[in-house]
Amino acid sequence: MQPPNTPTRAWQPQGTVYGTLLNFRREWDLWSPRMTQDPYKAAPKAPVLYVKTANTFSPVGHDLLLQDGVNEVEIGATLGLVMGDQGLVVGAVLLNDWSVPHASYYRPPIKFRCRDAYLALPEQVTHCAGVESWARLTIDIRRNGERVQTVQLSELVRPMSQLLADVAEFMSLQPGDVLMVGTDCLADGTRPRAKAGDRIEITAPGLCPVSVHVGAAP
């Protein structure tokens, strides 16, 4: 039992964090005409995943510092499913999956997605016994207090239970791993962006919010 007045440690992933590409209907539809072109010549049949490396983990209360000539970043509000034993989901977290703007979402370069502090974390996990309670979750994104995007998880190409099952067809998620369900785009196919001086807040009912100040490196 934790002694009284002992501060709790901010949550960080204890395993591998996986992101999912092209898992919102709007972006899928926008990309569909190009899916038959080279080099793939067909739509993906399995979930398209990438890894968010440990150097990206940014605990609550930490700023995002823009460096190396980066002037703005894309905001990637998403829900992360936290895995327990036997492939079961034990909780969920809101996350901000930052990235440097880039053109390709088939094979996003590591240097654009896996920079230091490019995964903003909440204070703690919201625990549950399944994913059904989040199937119609709405995520709000605000920049300096103004709403710039609303993400509806009802618009997933692969709903959470199907995403988990499809991923399990080719790999096993371990206890402590986090599977992000994907990030949505705006109507024009872009994502909201942030620059130095902006504060980004991501909220959803029942989940710990994510709030990050974007600063310029000294």
# chains A, B, ... in the order shown; residues from 1 in each chain; ligands from 1
call {"tool": "residues_around", "arguments": {"residues": "Arg26 of chain A", "least_positions_apart": "6", "cutoff": "9 Å", "atoms": "only C-alpha atoms", "output": "PyMOL selection string"}}
result
chain A and resi 155+184-187+189
call {"tool": "residues_around", "arguments": {"residues": "segment 170-179 of chain A", "least_positions_apart": "5", "cutoff": "8 Å", "atoms": "only C-alpha atoms", "output": "list of chain:residue names"}}
result
A:Pro13, A:Gln14, A:Gly15, A:Thr16, A:Val17, A:Tyr18, A:Gly19, A:Thr20, A:Gly80, A:Leu81, A:Val82, A:Met83, A:Gly84, A:Asp85, A:Gln86, A:Gly87
call {"tool": "residues_around", "arguments": {"residues": "Cys208 of chain A", "least_positions_apart": "3", "cutoff": "9 Å", "atoms": "only C-alpha atoms", "output": "list of chain:residue names"}}
result
A:Val93, A:Leu94, A:Pro122, A:Glu123, A:Gln124, A:Val125, A:Thr126, A:Thr203, A:Ala204, A:Pro205
call {"tool": "select_by_dssp", "arguments": {"residues": "segment 24-148 of chain A", "states": "strand (DSSP E)", "output": "PDB file with N, CA and C atoms, in the first residue's frame"}}
result
ATOM      1  N   VAL A  48      -1.757  -1.759 -41.222  1.00  0.00           N
ATOM      2  CA  VAL A  48      -0.435  -1.195 -41.499  1.00  0.00           C
ATOM      3  C   VAL A  48       0.064  -0.553 -40.204  1.00  0.00           C
ATOM      4  N   LEU A  49       1.116  -1.134 -39.622  1.00  0.00           N
ATOM      5  CA  LEU A  49       1.596  -0.716 -38.314  1.00  0.00           C
ATOM      6  C   LEU A  49       2.980  -0.079 -38.400  1.00  0.00           C
ATOM      7  N   TYR A  50       3.304   0.712 -37.408  1.00  0.00           N
ATOM      8  CA  TYR A  50       4.650   1.247 -37.231  1.00  0.00           C
ATOM      9  C   TYR A  50       4.924   1.292 -35.732  1.00  0.00           C
ATOM     10  N   VAL A  51       6.187   1.453 -35.367  1.00  0.00           N
ATOM     11  CA  VAL A  51       6.588   1.479 -33.962  1.00  0.00           C
ATOM     12  C   VAL A  51       6.934   2.905 -33.551  1.00  0.00           C
ATOM     13  N   LYS A  52       6.438   3.293 -32.399  1.00  0.00           N
ATOM     14  CA  LYS A  52       6.806   4.566 -31.781  1.00  0.00           C
ATOM     15  C   LYS A  52       7.863   4.234 -30.725  1.00  0.00           C
ATOM     16  N   PHE A  57       8.691   8.835 -25.916  1.00  0.00           N
ATOM     17  CA  PHE A  57       7.774   8.915 -24.781  1.00  0.00           C
ATOM     18  C   PHE A  57       8.007  10.219 -24.013  1.00  0.00           C
ATOM     19  N   SER A  58       6.961  11.016 -23.866  1.00  0.00           N
ATOM     20  CA  SER A  58       7.053  12.308 -23.197  1.00  0.00           C
ATOM     21  C   SER A  58       6.009  12.370 -22.085  1.00  0.00           C
ATOM     22  N   LEU A  64       7.052  20.020 -25.778  1.00  0.00           N
ATOM     23  CA  LEU A  64       7.631  19.529 -27.025  1.00  0.00           C
ATOM     24  C   LEU A  64       8.491  20.642 -27.596  1.00  0.00           C
ATOM     25  N   LEU A  65       9.770  20.391 -27.751  1.00  0.00           N
ATOM     26  CA  LEU A  65      10.691  21.394 -28.276  1.00  0.00           C
ATOM     27  C   LEU A  65      10.975  21.114 -29.752  1.00  0.00           C
ATOM     28  N   LEU A  66      10.713  22.094 -30.589  1.00  0.00           N
ATOM     29  CA  LEU A  66      10.979  21.963 -32.017  1.00  0.00           C
ATOM     30  C   LEU A  66      12.467  22.209 -32.268  1.00  0.00           C
ATOM     31  N   GLU A  72       6.978  23.410 -37.516  1.00  0.00           N
ATOM     32  CA  GLU A  72       5.651  23.011 -37.082  1.00  0.00           C
ATOM     33  C   GLU A  72       5.534  21.498 -37.124  1.00  0.00           C
ATOM     34  N   VAL A  73       4.570  20.982 -36.373  1.00  0.00           N
ATOM     35  CA  VAL A  73       4.353  19.538 -36.297  1.00  0.00           C
ATOM     36  C   VAL A  73       2.881  19.231 -36.493  1.00  0.00           C
ATOM     37  N   GLU A  74       2.610  18.024 -36.946  1.00  0.00           N
ATOM     38  CA  GLU A  74       1.232  17.566 -37.075  1.00  0.00           C
ATOM     39  C   GLU A  74       0.740  16.999 -35.752  1.00  0.00           C
ATOM     40  N   ALA A  77      -3.976  13.104 -32.548  1.00  0.00           N
ATOM     41  CA  ALA A  77      -4.763  12.636 -31.404  1.00  0.00           C
ATOM     42  C   ALA A  77      -5.246  11.212 -31.662  1.00  0.00           C
ATOM     43  N   THR A  78      -5.051  10.346 -30.682  1.00  0.00           N
ATOM     44  CA  THR A  78      -5.454   8.952 -30.861  1.00  0.00           C
ATOM     45  C   THR A  78      -5.752   8.305 -29.515  1.00  0.00           C
ATOM     46  N   LEU A  79      -6.361   7.134 -29.587  1.00  0.00           N
ATOM     47  CA  LEU A  79      -6.587   6.301 -28.408  1.00  0.00           C
ATOM     48  C   LEU A  79      -5.611   5.138 -28.450  1.00  0.00           C
ATOM     49  N   GLY A  80      -4.919   4.905 -27.332  1.00  0.00           N
ATOM     50  CA  GLY A  80      -4.021   3.766 -27.226  1.00  0.00           C
ATOM     51  C   GLY A  80      -4.620   2.687 -26.350  1.00  0.00           C
ATOM     52  N   LEU A  81      -4.637   1.464 -26.840  1.00  0.00           N
ATOM     53  CA  LEU A  81      -5.144   0.325 -26.078  1.00  0.00           C
ATOM     54  C   LEU A  81      -3.983  -0.334 -25.352  1.00  0.00           C
ATOM     55  N   VAL A  82      -4.082  -0.413 -24.026  1.00  0.00           N
ATOM     56  CA  VAL A  82      -3.014  -0.956 -23.197  1.00  0.00           C
ATOM     57  C   VAL A  82      -3.270  -2.441 -22.972  1.00  0.00           C
ATOM     58  N   MET A  83      -2.280  -3.256 -23.313  1.00  0.00           N
ATOM     59  CA  MET A  83      -2.464  -4.696 -23.302  1.00  0.00           C
ATOM     60  C   MET A  83      -2.086  -5.311 -21.957  1.00  0.00           C
ATOM     61  N   VAL A  89      -7.193  -6.424 -23.525  1.00  0.00           N
ATOM     62  CA  VAL A  89      -7.019  -5.001 -23.260  1.00  0.00           C
ATOM     63  C   VAL A  89      -7.407  -4.721 -21.812  1.00  0.00           C
ATOM     64  N   VAL A  90      -6.521  -4.046 -21.081  1.00  0.00           N
ATOM     65  CA  VAL A  90      -6.792  -3.752 -19.674  1.00  0.00           C
ATOM     66  C   VAL A  90      -7.050  -2.272 -19.429  1.00  0.00           C
ATOM     67  N   GLY A  91      -6.826  -1.438 -20.433  1.00  0.00           N
ATOM     68  CA  GLY A  91      -7.057  -0.015 -20.244  1.00  0.00           C
ATOM     69  C   GLY A  91      -6.822   0.757 -21.528  1.00  0.00           C
ATOM     70  N   ALA A  92      -7.017   2.062 -21.437  1.00  0.00           N
ATOM     71  CA  ALA A  92      -6.834   2.922 -22.608  1.00  0.00           C
ATOM     72  C   ALA A  92      -6.239   4.250 -22.170  1.00  0.00           C
ATOM     73  N   VAL A  93      -5.573   4.917 -23.113  1.00  0.00           N
ATOM     74  CA  VAL A  93      -4.976   6.227 -22.874  1.00  0.00           C
ATOM     75  C   VAL A  93      -5.180   7.105 -24.098  1.00  0.00           C
ATOM     76  N   LEU A  94      -5.403   8.389 -23.860  1.00  0.00           N
ATOM     77  CA  LEU A  94      -5.294   9.362 -24.934  1.00  0.00           C
ATOM     78  C   LEU A  94      -3.817   9.638 -25.172  1.00  0.00           C
ATOM     79  N   LEU A  95      -3.442   9.833 -26.437  1.00  0.00           N
ATOM     80  CA  LEU A  95      -2.056  10.109 -26.801  1.00  0.00           C
ATOM     81  C   LEU A  95      -2.019  11.165 -27.894  1.00  0.00           C
ATOM     82  N   ASN A  96      -0.917  11.890 -27.937  1.00  0.00           N
ATOM     83  CA  ASN A  96      -0.672  12.784 -29.066  1.00  0.00           C
ATOM     84  C   ASN A  96       0.527  12.248 -29.827  1.00  0.00           C
ATOM     85  N   ASP A  97       0.255  11.652 -30.962  1.00  0.00           N
ATOM     86  CA  ASP A  97       1.274  11.031 -31.804  1.00  0.00           C
ATOM     87  C   ASP A  97       1.793  12.086 -32.779  1.00  0.00           C
ATOM     88  N   LEU A 119       5.747  11.573 -28.558  1.00  0.00           N
ATOM     89  CA  LEU A 119       4.535  10.873 -28.135  1.00  0.00           C
ATOM     90  C   LEU A 119       4.142  11.417 -26.767  1.00  0.00           C
ATOM     91  N   ALA A 120       3.189  12.331 -26.754  1.00  0.00           N
ATOM     92  CA  ALA A 120       2.758  12.962 -25.506  1.00  0.00           C
ATOM     93  C   ALA A 120       1.805  12.038 -24.761  1.00  0.00           C
ATOM     94  N   THR A 126      -6.743   4.663 -18.034  1.00  0.00           N
ATOM     95  CA  THR A 126      -8.120   4.401 -17.626  1.00  0.00           C
ATOM     96  C   THR A 126      -8.379   2.916 -17.818  1.00  0.00           C
ATOM     97  N   HIS A 127      -8.653   2.212 -16.723  1.00  0.00           N
ATOM     98  CA  HIS A 127      -8.776   0.756 -16.791  1.00  0.00           C
ATOM     99  C   HIS A 127     -10.197   0.340 -17.167  1.00  0.00           C
ATOM    100  N   THR A 138     -15.672  10.153 -28.648  1.00  0.00           N
ATOM    101  CA  THR A 138     -15.331  11.371 -29.382  1.00  0.00           C
ATOM    102  C   THR A 138     -14.130  12.030 -28.717  1.00  0.00           C
ATOM    103  N   ILE A 139     -13.108  12.326 -29.509  1.00  0.00           N
ATOM    104  CA  ILE A 139     -11.894  12.977 -29.020  1.00  0.00           C
ATOM    105  C   ILE A 139     -11.858  14.401 -29.568  1.00  0.00           C
ATOM    106  N   ASP A 140     -11.684  15.370 -28.682  1.00  0.00           N
ATOM    107  CA  ASP A 140     -11.591  16.775 -29.076  1.00  0.00           C
ATOM    108  C   ASP A 140     -10.146  17.247 -29.013  1.00  0.00           C
ATOM    109  N   ILE A 141      -9.749  18.023 -30.013  1.00  0.00           N
ATOM    110  CA  ILE A 141      -8.408  18.604 -30.061  1.00  0.00           C
ATOM    111  C   ILE A 141      -8.560  20.118 -30.107  1.00  0.00           C
ATOM    112  N   ARG A 142      -7.898  20.790 -29.166  1.00  0.00           N
ATOM    113  CA  ARG A 142      -7.930  22.255 -29.113  1.00  0.00           C
ATOM    114  C   ARG A 142      -6.513  22.806 -29.198  1.00  0.00           C
ATOM    115  N   ARG A 143      -6.388  23.876 -29.955  1.00  0.00           N
ATOM    116  CA  ARG A 143      -5.128  24.608 -30.069  1.00  0.00           C
ATOM    117  C   ARG A 143      -5.349  26.009 -29.513  1.00  0.00           C
ATOM    118  N   GLU A 146      -8.988  26.801 -28.902  1.00  0.00           N
ATOM    119  CA  GLU A 146      -9.925  26.712 -30.027  1.00  0.00           C
ATOM    120  C   GLU A 146      -9.950  25.291 -30.577  1.00  0.00           C
ATOM    121  N   ARG A 147     -11.141  24.738 -30.729  1.00  0.00           N
ATOM    122  CA  ARG A 147     -11.245  23.386 -31.275  1.00  0.00           C
ATOM    123  C   ARG A 147     -10.814  23.380 -32.733  1.00  0.00           C
ATOM    124  N   VAL A 148      -9.877  22.496 -33.066  1.00  0.00           N
ATOM    125  CA  VAL A 148      -9.382  22.398 -34.440  1.00  0.00           C
ATOM    126  C   VAL A 148      -9.718  21.057 -35.085  1.00  0.00           C
TER     127      VAL A 148
END
call {"tool": "closest_residue", "arguments": {"among": "A:Leu88, A:Arg25, A:Val167, A:Met35", "to": "Ser154 of chain A", "atoms": "only C-alpha atoms"}}
result
A:Arg25
call {"tool": "atom_distance", "arguments": {"atom1": "atom CA of Glu27 of chain A", "atom2": "atom CA of Thr53 of chain A"}}
result
24.3 Å
call {"tool": "closest_residue", "arguments": {"among": "A:Pro44, A:Gly197, A:Arg34, A:Asn55", "to": "Ile110 of chain A", "atoms": "only C-alpha atoms"}}
result
A:Asn55
call {"tool": "select_by_dssp", "arguments": {"residues": "segment 58-181 of chain A", "states": "alpha helix (DSSP H)", "output": "list of chain:residue names"}}
result
A:Ile110, A:Lys111, A:Phe112, A:Arg113, A:Met160, A:Ser161, A:Gln162, A:Leu163, A:Leu164, A:Ala165, A:Asp166, A:Val167, A:Ala168
call {"tool": "write_last_selection", "arguments": {"atoms": "C-alpha atoms", "output": "PDB file, in the first residue's frame"}}
result
ATOM      1  CA  ILE A 110      11.433   7.129 -38.776  1.00  0.00           C
ATOM      2  CA  LYS A 111      13.041  10.572 -38.685  1.00  0.00           C
ATOM      3  CA  PHE A 112       9.590  12.171 -39.020  1.00  0.00           C
ATOM      4  CA  ARG A 113       7.744  10.093 -36.397  1.00  0.00           C
ATOM      5  CA  MET A 160     -11.067  -1.821 -32.115  1.00  0.00           C
ATOM      6  CA  SER A 161     -12.106  -5.446 -31.643  1.00  0.00           C
ATOM      7  CA  GLN A 162     -11.470  -6.172 -35.334  1.00  0.00           C
ATOM      8  CA  LEU A 163      -8.142  -4.322 -35.285  1.00  0.00           C
ATOM      9  CA  LEU A 164      -6.976  -6.425 -32.352  1.00  0.00           C
ATOM     10  CA  ALA A 165      -8.078  -9.647 -34.044  1.00  0.00           C
ATOM     11  CA  ASP A 166      -6.435  -8.729 -37.358  1.00  0.00           C
ATOM     12  CA  VAL A 167      -3.154  -7.794 -35.680  1.00  0.00           C
ATOM     13  CA  ALA A 168      -3.221 -11.089 -33.771  1.00  0.00           C
TER      14      ALA A 168
END
call {"tool": "residues_around", "arguments": {"residues": "Val100 of chain A", "least_positions_apart": "5", "cutoff": "12 Å", "atoms": "only C-alpha atoms", "output": "list in words"}}
result
Leu66, Gln67, Asp68, Gly69, Val70, Asn71, Glu72, Val73, Glu74, Ile75, Gly76, Tyr105, Pro108, Pro109, Ile110, Lys111, Phe112, Arg113, Cys114, Arg115, Asp116, Tyr118, Arg191, Pro192, Arg193, Ala194 and Lys195 of chain A
call {"tool": "closest_residue", "arguments": {"among": "A:Thr190, A:Leu137, A:Ser32, A:Met180", "to": "Thr150 of chain A", "atoms": "only C-alpha atoms"}}
result
A:Leu137
call {"tool": "closest_residue", "arguments": {"among": "A:Gly182, A:Gly130, A:Gly215, A:Pro39", "to": "Arg199 of chain A", "atoms": "only C-alpha atoms"}}
result
A:Gly215
call {"tool": "atom_distance", "arguments": {"atom1": "atom CA of Leu156 of chain A", "atom2": "atom CA of Cys128 of chain A"}}
result
20.2 Å
call {"tool": "closest_residue", "arguments": {"among": "A:Val157, A:Val214, A:Leu121, A:Ile202", "to": "Ala46 of chain A", "atoms": "only C-alpha atoms"}}
result
A:Val157
call {"tool": "closest_residue", "arguments": {"among": "A:Arg158, A:Gly206, A:Val212, A:Ser99", "to": "Asn144 of chain A", "atoms": "only C-alpha atoms"}}
result
A:Val212
